[in-house]
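coords-v3.cif follows (mmCIF, C-alpha atoms):
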data_structure
#
loop_
_atom_site.label_atom_id
_atom_site.label_comp_id
_atom_site.auth_asym_id
_atom_site.auth_seq_id
_atom_site.Cartn_x
_atom_site.Cartn_y
_atom_site.Cartn_z
CA MET A 5 0.00 0.00 0.00
CA ASP A 6 2.85 2.38 0.84
CA PHE A 7 4.39 1.88 -2.60
CA VAL A 8 1.05 2.59 -4.29
CA LEU A 9 0.77 5.81 -2.27
CA LEU A 10 4.33 6.80 -3.20
CA GLY A 11 3.69 5.99 -6.87
CA CYS A 12 0.55 8.15 -6.95
CA ALA A 13 2.38 10.98 -5.20
CA ALA A 14 5.22 10.76 -7.71
CA PHE A 15 2.78 10.83 -10.66
CA LEU A 16 1.02 13.94 -9.34
CA ALA A 17 4.36 15.55 -8.48
CA GLY A 18 5.59 14.93 -12.03
CA LEU A 19 2.41 16.42 -13.51
CA VAL A 20 2.49 19.59 -11.40
CA ASP A 21 6.26 19.97 -11.67
CA ALA A 22 6.13 19.75 -15.46
CA VAL A 23 3.76 22.72 -15.62
CA VAL A 24 4.87 25.10 -12.86
CA GLY A 25 7.35 23.34 -10.59
CA GLY A 26 6.62 22.62 -6.95
CA GLY A 27 6.21 18.86 -7.34
CA GLY A 28 8.16 18.41 -4.12
CA LEU A 29 5.18 19.93 -2.31
CA ILE A 30 3.38 16.65 -3.06
CA GLN A 31 6.15 14.09 -3.14
CA ILE A 32 8.42 14.97 -0.23
CA PRO A 33 5.76 15.16 2.54
CA VAL A 34 4.44 11.73 1.49
CA MET A 35 7.94 10.27 1.62
CA PHE A 36 8.56 11.70 5.09
CA SER A 37 5.20 10.31 6.22
CA VAL A 38 5.88 6.79 4.90
CA PHE A 39 9.50 6.73 6.20
CA PRO A 40 9.43 8.77 9.43
CA ARG A 41 12.67 7.26 10.76
CA GLU A 42 14.73 7.60 7.59
CA LEU A 43 17.42 10.30 7.40
CA PRO A 44 16.07 13.49 5.74
CA ALA A 45 19.10 13.65 3.44
CA THR A 46 18.38 10.09 2.21
CA LEU A 47 14.74 10.91 1.45
CA LEU A 48 15.75 14.13 -0.31
CA GLY A 49 18.33 12.23 -2.35
CA THR A 50 15.79 9.57 -3.34
CA SER A 51 13.30 12.29 -4.26
CA LYS A 52 15.98 13.94 -6.42
CA LEU A 53 16.42 10.74 -8.41
CA ALA A 54 12.70 10.60 -9.20
CA GLY A 55 12.61 14.33 -9.83
CA PHE A 56 15.56 14.18 -12.19
CA CYS A 57 13.85 11.60 -14.40
CA GLY A 58 10.53 13.41 -14.41
CA THR A 59 12.05 16.83 -15.06
CA SER A 60 14.27 15.44 -17.82
CA ALA A 61 11.24 13.98 -19.59
CA ALA A 62 9.43 17.32 -19.27
CA ALA A 63 12.48 19.23 -20.53
CA VAL A 64 12.74 17.05 -23.65
CA ASN A 65 9.04 17.58 -24.40
CA TYR A 66 9.32 21.34 -23.99
CA VAL A 67 12.46 21.62 -26.12
CA ARG A 68 10.69 19.82 -28.96
CA ARG A 69 7.68 22.15 -28.92
CA VAL A 70 8.70 25.48 -27.34
CA LYS A 71 11.47 27.82 -28.46
CA VAL A 72 14.07 27.86 -25.67
CA ALA A 73 16.33 30.90 -25.12
CA TRP A 74 19.56 28.91 -24.92
CA SER A 75 21.69 32.05 -24.56
CA ALA A 76 20.17 32.52 -21.09
CA VAL A 77 19.40 28.91 -20.20
CA VAL A 78 22.88 27.42 -20.75
CA PRO A 79 24.78 29.86 -18.45
CA ALA A 80 22.04 29.50 -15.82
CA ALA A 81 22.17 25.70 -16.05
CA LEU A 82 25.97 25.59 -15.71
CA ALA A 83 25.92 27.88 -12.68
CA ALA A 84 23.06 25.88 -11.16
CA PHE A 85 24.99 22.64 -11.67
CA ALA A 86 28.02 23.99 -9.81
CA LEU A 87 26.15 25.51 -6.89
CA SER A 88 23.59 22.72 -6.49
CA PHE A 89 26.44 20.36 -5.64
CA ALA A 90 27.61 22.81 -2.97
CA GLY A 91 24.07 23.06 -1.63
CA ALA A 92 23.64 19.28 -1.46
CA TYR A 93 26.93 19.00 0.41
CA THR A 94 25.87 21.73 2.84
CA VAL A 95 22.51 20.12 3.68
CA THR A 96 24.30 16.99 4.90
CA LYS A 97 26.41 19.13 7.26
CA VAL A 98 24.30 22.13 8.34
CA PRO A 99 20.61 22.41 9.36
CA GLY A 100 18.47 24.65 7.16
CA ASP A 101 16.32 26.25 9.88
CA PHE A 102 16.95 29.82 8.75
CA ILE A 103 15.94 29.17 5.14
CA ARG A 104 12.96 27.13 6.37
CA SER A 105 11.65 30.16 8.31
CA LEU A 106 12.39 32.67 5.54
CA LEU A 107 10.88 30.68 2.66
CA PRO A 108 7.13 31.35 3.24
CA LEU A 109 7.79 35.09 3.34
CA VAL A 110 9.67 35.00 0.04
CA LEU A 111 6.95 32.89 -1.56
CA LEU A 112 4.30 35.33 -0.29
CA ALA A 113 6.11 38.20 -1.99
CA VAL A 114 6.26 36.20 -5.24
CA ALA A 115 2.53 35.43 -5.08
CA ILE A 116 1.53 39.04 -4.35
CA TYR A 117 3.70 40.38 -7.17
CA THR A 118 2.35 37.87 -9.69
CA PHE A 119 -1.28 38.39 -8.64
CA ARG A 120 -1.12 42.20 -8.78
CA LYS A 121 0.48 42.31 -12.24
CA LYS A 122 -2.31 40.85 -14.36
CA ASP A 123 -0.20 40.87 -17.54
CA PHE A 124 2.82 39.28 -15.81
CA GLY A 125 4.15 36.50 -18.05
CA ALA A 126 1.43 36.96 -20.69
CA VAL A 127 3.76 38.13 -23.47
CA HIS A 128 7.13 36.74 -24.46
CA ALA A 129 9.36 39.82 -24.81
CA PRO A 130 13.00 39.11 -23.76
CA VAL A 131 14.60 42.23 -22.28
CA HIS A 132 18.30 41.29 -22.20
CA SER A 133 20.95 40.05 -24.62
CA GLY A 134 24.68 39.51 -24.83
CA MET A 135 26.88 39.77 -21.75
CA THR A 136 24.13 41.31 -19.61
CA GLU A 137 21.87 38.35 -20.26
CA ARG A 138 24.65 35.86 -19.50
CA MET A 139 25.65 37.53 -16.23
CA ILE A 140 22.07 37.71 -14.95
CA ALA A 141 21.59 34.08 -16.00
CA ILE A 142 24.72 32.99 -14.11
CA GLY A 143 23.60 34.84 -10.97
CA THR A 144 20.12 33.37 -11.21
CA GLY A 145 21.40 29.84 -11.79
CA ALA A 146 23.92 30.07 -8.96
CA CYS A 147 21.40 31.23 -6.34
CA ILE A 148 18.68 28.80 -7.35
CA GLY A 149 21.14 25.94 -7.77
CA PHE A 150 22.47 26.32 -4.23
CA TYR A 151 18.95 26.60 -2.84
CA ASP A 152 17.81 23.51 -4.75
CA GLY A 153 20.68 21.38 -3.48
CA PHE A 154 20.39 22.70 0.06
CA PHE A 155 16.62 22.73 0.59
CA GLY A 156 14.59 22.50 -2.61
CA PRO A 157 10.83 23.12 -2.22
CA GLY A 158 9.51 25.45 -4.90
CA THR A 159 12.71 25.51 -6.98
CA GLY A 160 10.86 25.18 -10.30
CA SER A 161 8.38 27.88 -9.29
CA PHE A 162 11.18 30.25 -8.27
CA LEU A 163 12.96 29.64 -11.57
CA MET A 164 9.80 30.37 -13.56
CA PHE A 165 9.19 33.59 -11.64
CA LEU A 166 12.76 34.77 -12.20
CA PHE A 167 12.71 33.98 -15.93
CA VAL A 168 9.48 35.96 -16.30
CA ARG A 169 10.50 38.84 -14.02
CA PHE A 170 14.12 39.40 -15.05
CA PHE A 171 14.23 38.03 -18.60
CA GLY A 172 10.80 39.02 -19.94
CA PHE A 173 9.70 35.47 -20.84
CA ASP A 174 6.06 34.42 -20.95
CA PHE A 175 5.03 31.69 -18.52
CA LEU A 176 5.19 28.87 -21.07
CA SER A 177 8.72 29.80 -22.21
CA ALA A 178 9.76 30.32 -18.60
CA SER A 179 8.47 26.85 -17.73
CA ALA A 180 10.53 25.34 -20.56
CA ALA A 181 13.66 27.22 -19.47
CA ALA A 182 13.13 26.28 -15.83
CA LYS A 183 12.97 22.58 -16.66
CA VAL A 184 16.36 22.63 -18.40
CA VAL A 185 18.00 24.45 -15.47
CA ASN A 186 16.27 22.14 -13.01
CA VAL A 187 17.76 19.10 -14.75
CA ALA A 188 21.22 20.56 -14.16
CA CYS A 189 20.38 21.13 -10.48
CA ASN A 190 19.15 17.57 -10.07
CA ILE A 191 22.17 15.98 -11.76
CA SER A 192 24.58 17.90 -9.54
CA ALA A 193 22.72 17.19 -6.31
CA LEU A 194 22.38 13.51 -7.25
CA LEU A 195 26.15 13.20 -7.63
CA TRP A 196 26.62 14.18 -4.01
CA PHE A 197 23.65 12.26 -2.60
CA GLY A 198 24.73 9.13 -4.50
CA TYR A 199 28.38 9.46 -3.49
CA SER A 200 27.50 10.03 0.16
CA GLY A 201 25.10 7.07 0.22
CA HIS A 202 21.96 9.15 0.80
CA LEU A 203 19.87 7.42 -1.84
CA ILE A 204 17.47 4.44 -1.95
CA TRP A 205 17.90 3.34 -5.58
CA GLN A 206 15.02 0.86 -5.90
CA LEU A 207 12.47 3.26 -4.43
CA GLY A 208 13.84 6.19 -6.43
CA LEU A 209 13.63 4.32 -9.73
CA MET A 210 10.07 3.15 -9.05
CA MET A 211 9.00 6.69 -8.29
CA ALA A 212 10.95 7.93 -11.31
CA LEU A 213 8.76 5.88 -13.66
CA CYS A 214 5.64 7.40 -12.12
CA GLN A 215 7.12 10.90 -12.30
CA VAL A 216 7.93 10.51 -15.99
CA ALA A 217 4.33 9.46 -16.69
CA GLY A 218 3.04 12.47 -14.79
CA SER A 219 5.45 14.86 -16.50
CA LEU A 220 4.31 13.73 -19.96
CA VAL A 221 0.70 14.54 -19.02
CA GLY A 222 1.75 17.87 -17.48
CA THR A 223 3.72 19.11 -20.48
CA LYS A 224 0.86 18.27 -22.84
CA LEU A 225 -1.53 20.29 -20.66
CA ALA A 226 0.83 23.27 -20.49
CA ILE A 227 1.54 23.36 -24.23
CA LYS A 228 -2.12 22.86 -25.12
CA HIS A 229 -3.51 25.58 -22.82
CA GLY A 230 -0.62 28.08 -22.96
CA SER A 231 0.71 30.78 -20.63
CA ALA A 232 -2.65 31.80 -19.11
CA PHE A 233 -3.20 28.26 -17.80
CA VAL A 234 0.38 28.04 -16.53
CA ARG A 235 0.03 31.38 -14.71
CA LYS A 236 -3.14 30.25 -12.90
CA LEU A 237 -1.61 26.95 -11.81
CA PHE A 238 1.56 28.80 -10.77
CA LEU A 239 -0.47 30.96 -8.36
CA VAL A 240 -2.26 27.90 -6.95
CA VAL A 241 0.99 26.00 -6.36
CA VAL A 242 2.78 29.00 -4.83
CA SER A 243 -0.19 29.58 -2.49
CA LEU A 244 -0.04 25.95 -1.34
CA LEU A 245 3.72 26.22 -0.92
CA ILE A 246 3.22 29.27 1.32
CA LEU A 247 0.84 27.33 3.58
CA LYS A 248 3.02 24.22 3.67
CA THR A 249 6.33 26.01 4.30
CA ALA A 250 4.76 28.32 6.91
CA TYR A 251 3.44 25.29 8.77
CA ASP A 252 6.83 23.56 8.58
CA ALA A 253 8.67 26.67 9.73
CA PHE A 254 6.44 27.90 12.53
CA ALA A 255 3.26 25.99 13.46
CA ARG A 256 4.75 22.52 13.78
CA TRP A 257 7.50 23.67 16.12
CA SER A 258 5.07 25.52 18.41
CA LEU A 259 2.85 22.46 19.00
#
I need this file expressed as structure tokens, please.
Amino acid sequence: MDFVLLGCAAFLAGLVDAVVGGGGLIQIPVMFSVFPRELPATLLGTSKLAGFCGTSAAAVNYVRRVKVAWSAVVPAALAAFALSFAGAYTVTKVPGDFIRSLLPLVLLAVAIYTFRKKDFGAVHAPVHSGMTERMIAIGTGACIGFYDGFFGPGTGSFLMFLFVRFFGFDFLSASAAAKVVNVACNISALLWFGYSGHLIWQLGLMMALCQVAGSLVGTKLAIKHGSAFVRKLFLVVVSLLILKTAYDAFARWSL
């Protein structure tokens, strides 16, 4: 029964993650519930394996159907790869209590900004090029990469927001770009989790199959319904992330 529950969670996580990111909101709490005595780093590493497969499938689907701004995505992906490894190393050594408490406030700011700007992400109009674009992409990839390796929840949603806000992408193009960068994050973090032994391979591969199935459904929905649909789901997922991370950071510890 536990494996059926984990498989369903992975499928839904893959579907949501393929559209707007935030699949960890579904998958990680279920894993912690099923394996309450397992080391957090091991569960995060196992989740990364499933997430890597699902995100890779989504990225391939997007690249085939959506024009990707490689001039911004490649530098961001390389920076994310480097810093995600550092983040994954750090999470096995240092507790993330400060980021845990700060995260709901950051997500709230993202939600308010997106909700108030009705045309946010509606039109694809890149605003940077050349060296400026590359430097902003490197900074974006480095920050998000470290965060993804160190903590992780909402990484895809943060990436989408940043690609819309600072690069002028529409939500569909931002989702495609975010998936490519997220693959780089997952590969890097997996190298450390695998090397350090924080990974349950059999469970991760089973969940990976379910995530890939969910991601294929998610990308079809996003491409079919376009940026308006992606924006609405983005706001829903970010709102749920705010509630979940606020509970994790404050309510649970006060009980």
Option closest in space to Asp6 (chain A), from A:Val234, A:Met211, A:Met164, A:Leu87 [counting all atoms listed in the file]: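 That would be A:Met211, the residue with the smallest distance to Asp6 (chain A).
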Region 76-84 of chain A environment, 9 Å, all atoms listed in the file, sequence neighbours closer than 5 positions dropped, as a PyMOL selection string: chain A and resi 89+133+137-150+152+171+181-182+184-189+192
Shell of 12 Å around Lys236 (chain A), all atoms listed in the file, local chain residues under 2 positions omitted, as number ranges by chain: A: 23-24, 115, 118-119, 122-126, 175-176, 226, 229-234, 238-243
Point-to-point distance in Å for CA of Leu43 (chain A) and CA of Ile191 (chain A):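 Separating CA of Ile191 (chain A) from CA of Leu43 (chain A) is a distance of 20.5 Å.
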Which residue of A:Leu106, A:Leu10, A:Cys57, A:Val38 approaches Ser219 (chain A) most closely, using all atoms listed in the file: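 Of A:Leu106, A:Leu10, A:Cys57, A:Val38, the one nearest Ser219 (chain A), counting all atoms listed in the file, is A:Cys57.
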For Val8 (chain A): contacts at 12 Å, only C-alpha atoms, fewer than 3 positions along chain excluded, given as a count of residues only: 13
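Ranking A:Lys183, A:Arg235, A:Trp74, A:Leu111 by their shortest atom-to-atom distance to Val168 (chain A), with all atoms listed in the file included, puts A:Arg235 first.
The residue set within 10 Å of Gly55 (chain A), counting all atoms listed in the file and dropping same-chain residues fewer than 3 places from it, reads Ala14, Ala17, Gly18, Asp21, Gly27, Gly28, Gln31, Gly49, Thr50, Ser51, Lys52, Gly58, Thr59, Ser60, Ala61, Asn186, Val187, Asn190, Ile191, Gly208, Met211, Ala212, Gln215, Val216 and Ser219 of chain A.
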For Leu203 (chain A): contacts at 12 Å, all atoms listed in the file, fewer than 5 positions along chain excluded, given as a ChimeraX atom specification: /A:42-54,193-198,208-209
Option closest in space to Ala180 (chain A), from A:Leu112, A:Leu213, A:Ala73, A:Ala129 [counting only C-alpha atoms]: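 Using only C-alpha atoms, the shortest distance to Ala180 (chain A) belongs to A:Ala73.
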